[in-house]
$ cat coords-v5.cif   # mmCIF, C-alpha atoms, pLDDT in the B column; chains and numbers go by the auth columns
data_run
#
loop_
_atom_site.group_PDB
_atom_site.id
_atom_site.type_symbol
_atom_site.label_atom_id
_atom_site.label_comp_id
_atom_site.label_asym_id
_atom_site.label_seq_id
_atom_site.Cartn_x
_atom_site.Cartn_y
_atom_site.Cartn_z
_atom_site.B_iso_or_equiv
_atom_site.auth_seq_id
_atom_site.auth_asym_id
ATOM 1 C CA MET A 1 0.000 0.000 0.000 78.00 1 J
ATOM 2 C CA LEU A 2 2.822 2.376 0.832 82.00 2 J
ATOM 3 C CA ARG A 3 4.455 1.708 -2.549 85.00 3 J
ATOM 4 C CA VAL A 4 1.236 2.602 -4.327 86.00 4 J
ATOM 5 C CA LEU A 5 0.956 5.869 -2.402 87.00 5 J
ATOM 6 C CA MET A 6 4.577 6.702 -3.194 87.00 6 J
ATOM 7 C CA VAL A 7 3.664 6.569 -6.890 87.00 7 J
ATOM 8 C CA LEU A 8 0.120 7.973 -6.845 91.00 8 J
ATOM 9 C CA VAL A 9 0.748 11.044 -4.686 89.00 9 J
ATOM 10 C CA PRO A 10 3.541 12.509 -6.860 88.00 10 J
ATOM 11 C CA LEU A 11 1.634 11.543 -10.010 90.00 11 J
ATOM 12 C CA GLY A 12 -1.540 13.259 -8.792 92.00 12 J
ATOM 13 C CA LEU A 13 0.438 16.288 -7.657 91.00 13 J
ATOM 14 C CA SER A 14 2.177 16.628 -11.008 91.00 14 J
ATOM 15 C CA ILE A 15 -1.101 16.208 -12.941 93.00 15 J
ATOM 16 C CA TYR A 16 -2.766 18.857 -10.777 92.00 16 J
ATOM 17 C CA ALA A 17 0.196 21.243 -11.116 91.00 17 J
ATOM 18 C CA PHE A 18 0.393 20.755 -14.888 92.00 18 J
ATOM 19 C CA ILE A 19 -3.325 21.415 -15.410 92.00 19 J
ATOM 20 C CA ASP A 20 -3.150 24.403 -13.068 90.00 20 J
ATOM 21 C CA CYS A 21 -0.151 25.709 -14.998 89.00 21 J
ATOM 22 C CA ILE A 22 -1.698 25.449 -18.448 90.00 22 J
ATOM 23 C CA THR A 23 -5.037 26.941 -17.356 89.00 23 J
ATOM 24 C CA THR A 24 -3.490 29.917 -15.542 87.00 24 J
ATOM 25 C CA ASP A 25 -3.546 33.285 -17.304 86.00 25 J
ATOM 26 C CA GLU A 26 -0.169 34.429 -18.598 84.00 26 J
ATOM 27 C CA LYS A 27 -0.335 37.582 -16.471 84.00 27 J
ATOM 28 C CA ASP A 28 -0.630 35.534 -13.253 85.00 28 J
ATOM 29 C CA VAL A 29 2.566 33.531 -13.908 85.00 29 J
ATOM 30 C CA ARG A 30 5.634 34.690 -11.970 84.00 30 J
ATOM 31 C CA HIS A 31 9.407 34.479 -12.490 85.00 31 J
ATOM 32 C CA VAL A 32 9.525 32.175 -15.574 85.00 32 J
ATOM 33 C CA PRO A 33 7.379 32.072 -18.753 88.00 33 J
ATOM 34 C CA LYS A 34 4.385 29.765 -18.671 88.00 34 J
ATOM 35 C CA PRO A 35 5.647 27.216 -21.253 89.00 35 J
ATOM 36 C CA LEU A 36 8.852 26.782 -19.277 91.00 36 J
ATOM 37 C CA TRP A 37 6.854 26.128 -16.089 89.00 37 J
ATOM 38 C CA ALA A 38 4.866 23.449 -17.911 90.00 38 J
ATOM 39 C CA ILE A 39 8.074 21.786 -19.122 91.00 39 J
ATOM 40 C CA LEU A 40 9.573 21.916 -15.623 91.00 40 J
ATOM 41 C CA VAL A 41 6.479 20.264 -14.160 90.00 41 J
ATOM 42 C CA LEU A 42 6.618 17.519 -16.798 90.00 42 J
ATOM 43 C CA LEU A 43 10.376 16.868 -16.668 92.00 43 J
ATOM 44 C CA PHE A 44 10.781 17.096 -12.884 90.00 44 J
ATOM 45 C CA PRO A 45 7.387 16.005 -11.541 87.00 45 J
ATOM 46 C CA LEU A 46 7.963 16.364 -7.811 89.00 46 J
ATOM 47 C CA VAL A 47 10.309 19.371 -7.723 91.00 47 J
ATOM 48 C CA GLY A 48 8.616 21.123 -10.647 90.00 48 J
ATOM 49 C CA SER A 49 5.135 20.653 -9.186 90.00 49 J
ATOM 50 C CA ILE A 50 6.099 21.900 -5.747 90.00 50 J
ATOM 51 C CA SER A 51 7.965 24.847 -7.289 89.00 51 J
ATOM 52 C CA TRP A 52 4.964 25.763 -9.439 87.00 52 J
ATOM 53 C CA LEU A 53 2.570 25.602 -6.509 87.00 53 J
ATOM 54 C CA ALA A 54 4.923 27.533 -4.212 88.00 54 J
ATOM 55 C CA VAL A 55 6.224 30.342 -6.419 87.00 55 J
ATOM 56 C CA GLY A 56 4.981 29.949 -9.995 84.00 56 J
ATOM 57 C CA LYS A 57 1.516 31.421 -9.742 79.00 57 J
ATOM 58 C CA ASP A 58 0.440 34.752 -8.305 78.00 58 J
ATOM 59 C CA ARG A 59 -2.390 33.384 -6.191 71.00 59 J
ATOM 60 C CA ALA A 60 -3.296 36.709 -4.564 70.00 60 J
ATOM 61 C CA ALA A 61 -4.101 38.287 -7.941 62.00 61 J
ATOM 62 C CA SER A 62 -6.218 35.361 -9.139 57.00 62 J
ATOM 63 C CA ALA A 63 -8.077 35.016 -5.807 59.00 63 J
ATOM 64 C CA GLY A 64 -9.214 38.647 -5.811 57.00 64 J
ATOM 65 C CA ARG A 65 -10.606 38.482 -9.322 59.00 65 J
ATOM 66 C CA ALA A 66 -14.318 37.858 -9.710 54.00 66 J
ATOM 67 C CA PRO A 67 -15.287 34.881 -11.852 55.00 67 J
ATOM 68 C CA SER A 68 -16.371 35.864 -15.327 56.00 68 J
ATOM 69 C CA ARG A 69 -19.962 35.246 -16.403 54.00 69 J
ATOM 70 C CA ARG A 70 -19.514 34.572 -20.100 61.00 70 J
ATOM 71 C CA GLY A 71 -21.791 31.571 -20.343 66.00 71 J
ATOM 72 C CA TRP A 72 -25.457 30.841 -19.929 69.00 72 J
ATOM 73 C CA VAL A 73 -27.413 32.714 -17.263 70.00 73 J
ATOM 74 C CA ALA A 74 -30.307 31.092 -15.450 77.00 74 J
ATOM 75 C CA PRO A 75 -33.687 32.754 -16.149 73.00 75 J
ATOM 76 C CA ASP A 76 -34.178 33.840 -12.543 74.00 76 J
ATOM 77 C CA ASP A 77 -30.804 35.658 -12.680 79.00 77 J
ATOM 78 C CA ASN A 78 -31.466 37.312 -16.037 80.00 78 J
ATOM 79 C CA PRO A 79 -32.836 40.864 -15.523 84.00 79 J
ATOM 80 C CA GLU A 80 -34.162 41.059 -19.086 86.00 80 J
ATOM 81 C CA PHE A 81 -36.195 37.871 -18.626 85.00 81 J
ATOM 82 C CA LEU A 82 -37.605 39.075 -15.304 87.00 82 J
ATOM 83 C CA LYS A 83 -38.539 42.414 -16.874 90.00 83 J
ATOM 84 C CA SER A 84 -40.368 40.631 -19.702 90.00 84 J
ATOM 85 C CA LEU A 85 -42.329 38.561 -17.149 90.00 85 J
ATOM 86 C CA ARG A 86 -43.391 41.697 -15.272 91.00 86 J
ATOM 87 C CA GLU A 87 -44.491 43.383 -18.500 93.00 87 J
ATOM 88 C CA GLU A 88 -46.457 40.300 -19.542 92.00 88 J
ATOM 89 C CA ASN A 89 -48.207 40.167 -16.156 91.00 89 J
ATOM 90 C CA GLU A 90 -49.082 43.856 -16.407 91.00 90 J
ATOM 91 C CA ARG A 91 -50.590 43.341 -19.893 91.00 91 J
ATOM 92 C CA GLU A 92 -52.678 40.405 -18.631 91.00 92 J
ATOM 93 C CA ARG A 93 -53.965 42.460 -15.673 90.00 93 J
ATOM 94 C CA LYS A 94 -54.921 45.322 -17.972 89.00 94 J
ATOM 95 C CA ASP A 95 -56.738 42.904 -20.300 88.00 95 J
ATOM 96 C CA ARG A 96 -58.733 41.548 -17.327 86.00 96 J
ATOM 97 C CA GLY A 97 -59.383 45.025 -15.942 82.00 97 J
ATOM 98 C CA GLU A 98 -57.521 44.402 -12.671 73.00 98 J
ATOM 99 C CA THR A 99 -55.322 46.807 -10.811 68.00 99 J
ATOM 100 C CA ALA A 100 -52.051 45.848 -9.169 59.00 100 J
ATOM 101 C CA ASP A 101 -53.798 45.821 -5.751 62.00 101 J
ATOM 102 C CA ASP A 102 -56.417 43.310 -6.943 60.00 102 J
ATOM 103 C CA ALA A 103 -53.728 40.890 -8.025 56.00 103 J
ATOM 104 C CA VAL A 104 -51.998 41.088 -4.634 56.00 104 J
ATOM 105 C CA ASP A 105 -55.160 40.791 -2.516 53.00 105 J
ATOM 106 C CA GLY A 106 -56.418 37.660 -4.227 54.00 106 J
ATOM 107 C CA PRO A 107 -60.042 36.849 -5.100 54.00 107 J
ATOM 108 C CA ALA A 108 -62.766 39.312 -4.120 54.00 108 J
ATOM 109 C CA ASP A 109 -65.259 38.637 -1.294 52.00 109 J
ATOM 110 C CA GLY A 110 -67.679 35.857 -2.177 51.00 110 J
ATOM 111 C CA ASP A 111 -65.491 34.672 -5.031 53.00 111 J
ATOM 112 C CA GLU A 112 -64.132 31.172 -4.526 54.00 112 J
ATOM 113 C CA GLY A 113 -61.282 31.634 -7.004 52.00 113 J
ATOM 114 C CA ASP A 114 -59.157 28.542 -7.397 55.00 114 J
ATOM 115 C CA LYS A 115 -60.099 26.960 -4.060 57.00 115 J
ATOM 116 C CA PRO A 116 -60.911 23.251 -4.330 58.00 116 J
ATOM 117 C CA ARG A 117 -64.423 22.239 -3.374 56.00 117 J
ATOM 118 C CA PRO A 118 -64.898 19.640 -0.626 57.00 118 J
#
$ encode --input "coords-v5.cif" --output "structure tokens"
Amino acid sequence: MLRVLMVLVPLGLSIYAFIDCITTDEKDVRHVPKPLWAILVLLFPLVGSISWLAVGKDRAASAGRAPSRRGWVAPDDNPEFLKSLREENERERKDRGETADDAVDGPADGDEGDKPRP
């Protein structure tokens, strides 16, 4: 078991360091150019990986940066979608002759609305 760990731990560390190295922005790399860091991690797995993790990346700069939202946005986070829902609801209320207060209060007195019957 110890022999397996002696192989898997450095292998996992070097894989992690290599992927971290190639996915890091060029401006966050310190001391040596990014391709040279990748070669060091591949040629000297243990020393190169530890060196990359210790001094190769400017972690303070990348930690303070907000994640970019380039991809898909969920509908409940999309202000344009929420605005279109509000406008649609307002049009429906106007078509039915309701005011905004009627929609909030619920059905009028004596009106059962959507209540299930026993």
$ residues_near_point --input "coords-v5.cif" --point "(8.2, 32.7, -9.2)" --cutoff "6 Å" --atoms "only C-alpha atoms" --output "PyMOL selection string"
chain J and resi 30-31+55-56
$ closest_residue --input "coords-v5.cif" --among "J:Gly97, J:Gly48, J:Pro79, J:Pro35" --to "Leu11 of chain J" --atoms "only C-alpha atoms"
J:Gly48
$ atom_distance --input "coords-v5.cif" --atom1 "atom CA of Asp25 of chain J" --atom2 "atom CA of Asn78 of chain J"
28.2 Å
$ closest_residue --input "coords-v5.cif" --among "J:Leu53, J:Glu26, J:Asp76, J:Phe18" --to "Ala38 of chain J" --atoms "all atoms listed in the file"
J:Phe18
$ closest_residue --input "coords-v5.cif" --among "J:Val29, J:Leu42, J:Leu36, J:Val47" --to "Ile15 of chain J" --atoms "all atoms listed in the file"
J:Leu42
